[in-house]
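Peer 1: Provided herewith is a single structure, encoded as structure tokens, for subsequent inquiry.
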Amino acid sequence: MSRLSIIVATLPLAILIAAGSAPAELLSSRPITIVIPFTPGASADTLQRIVGRKVTENTGQILVMESRGGGGGAIGATVVKAAPPDGHTLFQGNAGTHAANQALYATLPYDPIKDFRPITLMWSFPQLLAVPLDSPAKSVADLVALAANKPGGLSFASQGTGSGGHLLGEMFKARTRAHMVHVPYRGAGPAAVDLAAGRVDFFFVSYSSILPFLQGGNVRVLAVTSPQRLPALPDAPTLREVGFEGIELDTWFGLLAPAGTPDDVIGKLNTAFVKAVRDPEVTKQIVDQGAEPRTDTPAEFAAFIAADTVRAAKIVREVGVKVE
């Protein structure tokens, strides 16, 4: 028996089993950081951690979630733009950072197309129209009447300028022709807290972000923006049902890498994250959070971003929003 064989033979069985069964890292032993452009506790953070745990379980690759909220997502996007293009720093892009912002801002510190390489979509979700529990509005019609009669009009929260909540609030404002004031926050978490406390009058927000306050009896959902009612909220009508067809805007989230990231790295990342999102356990958790799992190829995701940029620009023009 060789010396190597003797050494291996004397190793504890548990170590040999662990070494033989542990999956290889996706890219390397270095952690992959995913920059999330919202505050911790938002639905984007919750769902990314669900997907990330499965990626780690499947590949052994350590993932680190880093929240960089603010600037309509520009702060986080700029961090990733400047990162080495080796796949170890990724960006959780969304309908704001990679579609609406181009129409909202005269200038951006990043180029959504030139500075990033798409990897895959991960999920999308409709928004809920929610009010504080003690609001006199028990329906969308009540909220419209309140907007017309309340001195100073209504205030509405958003996850940040250019977010889905912002655009939906502006669409609602334009449709009702009532005076409403936009109050942007650095993510859904702090906005939901202020909604529950009654410091703002309404908020277009995801089910996941508002769930603790629904469970605590602090907020009321008046309607959902999806074409059909949500299974989790069967009693909440769609905006279509109550006469507001067209105020519909799914908020999507996907993964992107810095420009210059090699094709083989993009391919490995796509394979790992698509597999994680499609895992039945992960799919169920995403659906339970009120979202819809979505995956595609890097090329398909790039085409999707291009099309959604055109759609978002049309909405921004119609509601007349601009950010200086």
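Naming scheme: A, B, ... for chains in displayed order of the structure tokens; residues 1 onward per chain; ligands 1 onward as shown.
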Env of A:Pro136: 12 Å cut, atoms = only C-alpha atoms, seq-sep filter 3 positions within chain, self excluded. Answer as a PyMOL selection string.
Peer 2: chain A and resi 131-133+139-147+149-150+198+201-202+219-220+222
Peer 1: With C-alpha atoms retained, write the just-selected residues as a PDB file, in the first residue's frame.
Peer 2:
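Contents of selection-v2.pdb, freshly written:
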ATOM      1  CA  VAL A 131     -54.396  51.428   2.421  1.00  0.00           C
ATOM      2  CA  PRO A 132     -53.996  51.720   6.210  1.00  0.00           C
ATOM      3  CA  LEU A 133     -56.551  49.688   8.134  1.00  0.00           C
ATOM      4  CA  SER A 139     -63.043  50.115  -1.812  1.00  0.00           C
ATOM      5  CA  VAL A 140     -61.336  51.698  -4.786  1.00  0.00           C
ATOM      6  CA  ALA A 141     -64.398  53.870  -5.325  1.00  0.00           C
ATOM      7  CA  ASP A 142     -64.109  55.080  -1.731  1.00  0.00           C
ATOM      8  CA  LEU A 143     -60.434  55.924  -2.292  1.00  0.00           C
ATOM      9  CA  VAL A 144     -61.275  57.965  -5.385  1.00  0.00           C
ATOM     10  CA  ALA A 145     -63.970  59.852  -3.463  1.00  0.00           C
ATOM     11  CA  LEU A 146     -61.530  60.439  -0.610  1.00  0.00           C
ATOM     12  CA  ALA A 147     -58.986  61.854  -3.047  1.00  0.00           C
ATOM     13  CA  ASN A 149     -62.637  65.500  -0.892  1.00  0.00           C
ATOM     14  CA  LYS A 150     -59.604  65.312   1.376  1.00  0.00           C
ATOM     15  CA  GLY A 198     -51.120  55.821   8.470  1.00  0.00           C
ATOM     16  CA  ASP A 201     -52.752  57.166   2.225  1.00  0.00           C
ATOM     17  CA  PHE A 202     -52.091  54.327  -0.217  1.00  0.00           C
ATOM     18  CA  VAL A 219     -53.460  47.334   6.254  1.00  0.00           C
ATOM     19  CA  ARG A 220     -56.310  46.618   3.861  1.00  0.00           C
ATOM     20  CA  LEU A 222     -58.526  47.246  -2.059  1.00  0.00           C
TER      21      LEU A 222
END
Peer 1: What are the closest atom pairs, with distances in Å to one decimal, for each residue of stretch 89-194 of chain A lying within 9 Å of stretch 309-312 of chain A, using only C-alpha atoms, rows by chain and rising residue number, as CSV?
Peer 2:
residue,atom,partner,partner_atom,distance
A:Ala95,CA,A:Ala312,CA,8.2
A:Gly96,CA,A:Ala312,CA,8.6
A:His98,CA,A:Thr309,CA,7.2
A:Ala99,CA,A:Thr309,CA,4.1
A:Ala100,CA,A:Ala312,CA,5.0
A:Asn101,CA,A:Ala312,CA,8.6
A:Gln102,CA,A:Thr309,CA,7.5
A:Ala103,CA,A:Ala312,CA,7.4
Peer 1: Please provide as a list in words all residues within 9 Å of A:Thr238, with the sequence filter that same-chain residues fewer than 2 positions apart are discarded (counting only C-alpha atoms).
Peer 2: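 Everything that qualifies: Leu222, Ala223, Val224, Thr225, Ser226, Pro227, Gln228, Arg229, Leu230, Ala236, Arg240, Glu241, Val242, Phe244 and Glu245 of chain A.
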Peer 1: Residues within 10 Å of stretch 203-213 of chain A, please, as a ChimeraX atom specification. Count only C-alpha atoms; anything in the same chain fewer than 6 positions from it doesn't count.
Peer 2: /A:41-47,124-133,155-159,163-169,172,182-183,187-196,219-221,223-225,230,232-233,250-251,286-291
Peer 1: Taking only C-alpha atoms into account, name the residue in A:Pro118, A:Gly76, A:Pro31, A:Gly216 that is nearest to A:Leu63.
Peer 2: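 The answer is A:Pro31, which sits nearest to A:Leu63.
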Peer 1: Quick one: residues within 10 Å of A:His88, only C-alpha atoms, excluding same-chain residues fewer than 4 positions away - as a list in words?
Peer 2: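 The neighbour list is Leu27, Ser28, Arg30, Pro31, Ile32, Thr33, Ile34, Leu63, Val64, Val80, Ala83, Pro84, Ala257, Pro258, Thr261 and Val265 of chain A.
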Peer 1: So that I have them on file, write out the residues from the current selection with N, CA and C atoms, as a compact mmCIF listing (two decimals), in the first residue's frame.
Peer 2:
# COMPACT_ATOMS: atom_id res chain seq x y z
N LEU A 27 -18.42 28.86 -9.61
CA LEU A 27 -17.33 29.55 -10.29
C LEU A 27 -15.99 29.33 -9.60
N SER A 28 -15.95 29.54 -8.27
CA SER A 28 -14.72 29.38 -7.51
C SER A 28 -15.08 29.33 -6.03
N ARG A 30 -14.44 31.67 -4.05
CA ARG A 30 -14.79 33.03 -3.66
C ARG A 30 -16.31 33.21 -3.69
N PRO A 31 -16.89 33.92 -2.74
CA PRO A 31 -18.34 34.15 -2.75
C PRO A 31 -18.77 34.98 -3.95
N ILE A 32 -20.00 34.78 -4.37
CA ILE A 32 -20.64 35.63 -5.37
C ILE A 32 -21.53 36.61 -4.63
N THR A 33 -21.35 37.89 -4.88
CA THR A 33 -22.18 38.92 -4.25
C THR A 33 -23.27 39.35 -5.21
N ILE A 34 -24.51 39.32 -4.73
CA ILE A 34 -25.64 39.81 -5.52
C ILE A 34 -26.09 41.13 -4.91
N LEU A 63 -23.21 32.47 -1.71
CA LEU A 63 -23.79 33.72 -2.24
C LEU A 63 -23.98 34.71 -1.10
N VAL A 64 -23.66 35.96 -1.36
CA VAL A 64 -23.82 37.02 -0.38
C VAL A 64 -24.78 38.06 -0.95
N VAL A 80 -22.16 47.64 -9.37
CA VAL A 80 -21.93 46.43 -10.18
C VAL A 80 -21.28 46.79 -11.51
N ALA A 83 -17.64 46.72 -11.11
CA ALA A 83 -17.04 45.51 -10.55
C ALA A 83 -16.27 44.73 -11.62
N PRO A 84 -15.30 43.93 -11.23
CA PRO A 84 -14.58 43.09 -12.19
C PRO A 84 -15.56 42.16 -12.91
N ALA A 257 -24.89 40.69 -15.06
CA ALA A 257 -23.48 40.77 -14.72
C ALA A 257 -22.87 42.00 -15.39
N PRO A 258 -21.70 42.44 -14.92
CA PRO A 258 -21.06 43.58 -15.59
C PRO A 258 -20.71 43.26 -17.04
N THR A 261 -18.24 40.33 -18.96
CA THR A 261 -18.22 39.00 -18.33
C THR A 261 -18.21 37.94 -19.43
N VAL A 265 -18.94 32.10 -18.36
CA VAL A 265 -19.40 32.45 -17.01
C VAL A 265 -20.88 32.77 -17.03
Peer 1: Which distance in Å separates atom CA of A:Ala148 and atom CA of A:Lys173, to one decimal?
Peer 2: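 Here the two named atoms are 11.0 Å from each other.
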Peer 1: DSSP on the backbone, then: every residue of stretch 145-252 of chain A marked strand (DSSP E or B), written as a list in words.
Peer 2: Leu154, Ser155, Phe156, Ala157, Ser158, Met180, Val181, His182, Val183, Pro184, Phe202, Phe203, Phe204, Val205, Val219, Arg220, Val221, Leu222, Ala223, Val224, Thr238, Thr251 and Trp252 of chain A
Peer 1: State, in Å with one decimal place, the distance from atom CA of A:Gln48 to atom CA of A:Ala82.
Peer 2: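 About the pair atom CA of A:Gln48 and atom CA of A:Ala82: they are 21.7 Å apart.
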Peer 1: Need the shell around A:Pro37: protein/DNA/RNA residues with any atom at most 9 Å away, counting only C-alpha atoms. Skip same-chain ones fewer than 2 positions apart. Format as a PyMOL selection string?
Peer 2: chain A and resi 35+39+44+66-77+91-93+97+186-187
Peer 1: For those residues, write N, CA, C and O atoms to a file as a compact mmCIF listing (two decimals), in the first residue's frame.
Peer 2:
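And here is the file that came out, part.txt:
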# COMPACT_ATOMS: atom_id res chain seq x y z
N VAL A 35 -25.95 42.21 -5.66
CA VAL A 35 -26.34 43.53 -5.18
C VAL A 35 -27.83 43.74 -5.46
O VAL A 35 -28.28 43.63 -6.60
N THR A 39 -33.81 48.16 0.15
CA THR A 39 -33.47 47.93 1.54
C THR A 39 -33.78 46.49 1.93
O THR A 39 -34.64 45.84 1.32
N ALA A 44 -37.97 41.83 -2.98
CA ALA A 44 -36.81 41.51 -3.82
C ALA A 44 -35.74 40.80 -3.02
O ALA A 44 -35.07 39.88 -3.50
N GLU A 66 -26.23 41.76 -0.87
CA GLU A 66 -25.82 43.09 -0.41
C GLU A 66 -26.84 44.12 -0.86
O GLU A 66 -27.04 44.34 -2.06
N SER A 67 -27.52 44.75 0.09
CA SER A 67 -28.53 45.75 -0.22
C SER A 67 -27.88 47.10 -0.46
O SER A 67 -27.11 47.58 0.39
N ARG A 68 -28.16 47.71 -1.60
CA ARG A 68 -27.68 49.05 -1.94
C ARG A 68 -28.85 49.85 -2.49
O ARG A 68 -28.99 50.05 -3.69
N GLY A 69 -29.74 50.28 -1.60
CA GLY A 69 -30.93 51.00 -2.02
C GLY A 69 -30.65 52.46 -2.33
O GLY A 69 -29.61 53.01 -1.92
N GLY A 70 -31.58 53.08 -3.04
CA GLY A 70 -31.50 54.51 -3.30
C GLY A 70 -31.22 54.85 -4.75
O GLY A 70 -30.73 54.02 -5.52
N GLY A 71 -31.58 56.07 -5.11
CA GLY A 71 -31.32 56.57 -6.46
C GLY A 71 -32.08 55.84 -7.53
O GLY A 71 -31.64 55.77 -8.68
N GLY A 72 -33.25 55.29 -7.20
CA GLY A 72 -34.02 54.55 -8.19
C GLY A 72 -33.29 53.31 -8.68
O GLY A 72 -33.52 52.84 -9.79
N GLY A 73 -32.40 52.78 -7.82
CA GLY A 73 -31.62 51.60 -8.19
C GLY A 73 -30.26 51.95 -8.77
O GLY A 73 -29.42 51.07 -8.98
N ALA A 74 -30.01 53.24 -9.01
CA ALA A 74 -28.76 53.66 -9.66
C ALA A 74 -27.54 53.41 -8.78
O ALA A 74 -26.45 53.13 -9.29
N ILE A 75 -27.72 53.50 -7.46
CA ILE A 75 -26.58 53.29 -6.56
C ILE A 75 -26.06 51.86 -6.69
O ILE A 75 -24.86 51.62 -6.89
N GLY A 76 -26.96 50.91 -6.61
CA GLY A 76 -26.55 49.51 -6.73
C GLY A 76 -26.04 49.19 -8.13
O GLY A 76 -25.05 48.46 -8.29
N ALA A 77 -26.71 49.72 -9.14
CA ALA A 77 -26.29 49.45 -10.52
C ALA A 77 -24.89 49.97 -10.79
O ALA A 77 -24.09 49.32 -11.47
N PHE A 91 -25.94 41.83 -10.35
CA PHE A 91 -26.94 42.84 -10.03
C PHE A 91 -28.35 42.27 -10.21
O PHE A 91 -28.63 41.62 -11.21
N GLN A 92 -29.18 42.53 -9.23
CA GLN A 92 -30.58 42.15 -9.33
C GLN A 92 -31.32 43.31 -10.00
O GLN A 92 -31.77 44.24 -9.36
N GLY A 93 -31.38 43.26 -11.33
CA GLY A 93 -32.05 44.32 -12.07
C GLY A 93 -33.56 44.14 -12.05
O GLY A 93 -34.07 43.06 -11.71
N THR A 97 -34.82 49.73 -12.91
CA THR A 97 -33.41 49.98 -13.22
C THR A 97 -33.07 49.73 -14.68
O THR A 97 -32.20 50.40 -15.24
N ARG A 186 -36.82 54.38 0.09
CA ARG A 186 -35.69 53.57 -0.36
C ARG A 186 -36.03 52.09 -0.19
O ARG A 186 -35.42 51.37 0.59
N GLY A 187 -37.07 51.68 -0.89
CA GLY A 187 -37.49 50.28 -0.82
C GLY A 187 -38.89 50.14 -0.24
O GLY A 187 -39.45 51.07 0.36
Peer 1: Suppose you want the space between atom CA of A:Lys275 and atom CA of A:Leu255; what is it in Å?
Peer 2: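 Atom CA of A:Leu255 lies at a distance of 13.7 Å from atom CA of A:Lys275.
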Peer 1: Closest to A:Ala174 among A:Ala307, A:Ile247, A:Ile50, A:Leu121, using only C-alpha atoms?
Peer 2: A:Ile247
Peer 1: Choose the residue, out of A:His179, A:Arg49, A:Lys138, A:Arg294, that has the smallest atom-to-atom separation from A:Thr120; count only C-alpha atoms.
Peer 2: A:Arg294
Peer 1: Could you check which of A:Met180, A:Glu292, A:Ile266, A:Asp111 is closest to A:Thr89, using only C-alpha atoms?
Peer 2: A:Ile266
Peer 1: Pick out the closest residue to A:Leu90 from this set: A:Asp279, A:Asp115, A:Asp235, A:Asp134. Count only C-alpha atoms.
Peer 2: A:Asp115
Peer 1: Using DSSP on the backbone coordinates, identify all residues within stretch 91-312 of chain A classified as helix (DSSP H, G or I); present the result as a VMD selection string.
Peer 2: chain A and resid 96 to 104 140 to 149 164 to 176 188 to 196 207 to 215 263 to 278 280 to 288 298 to 312
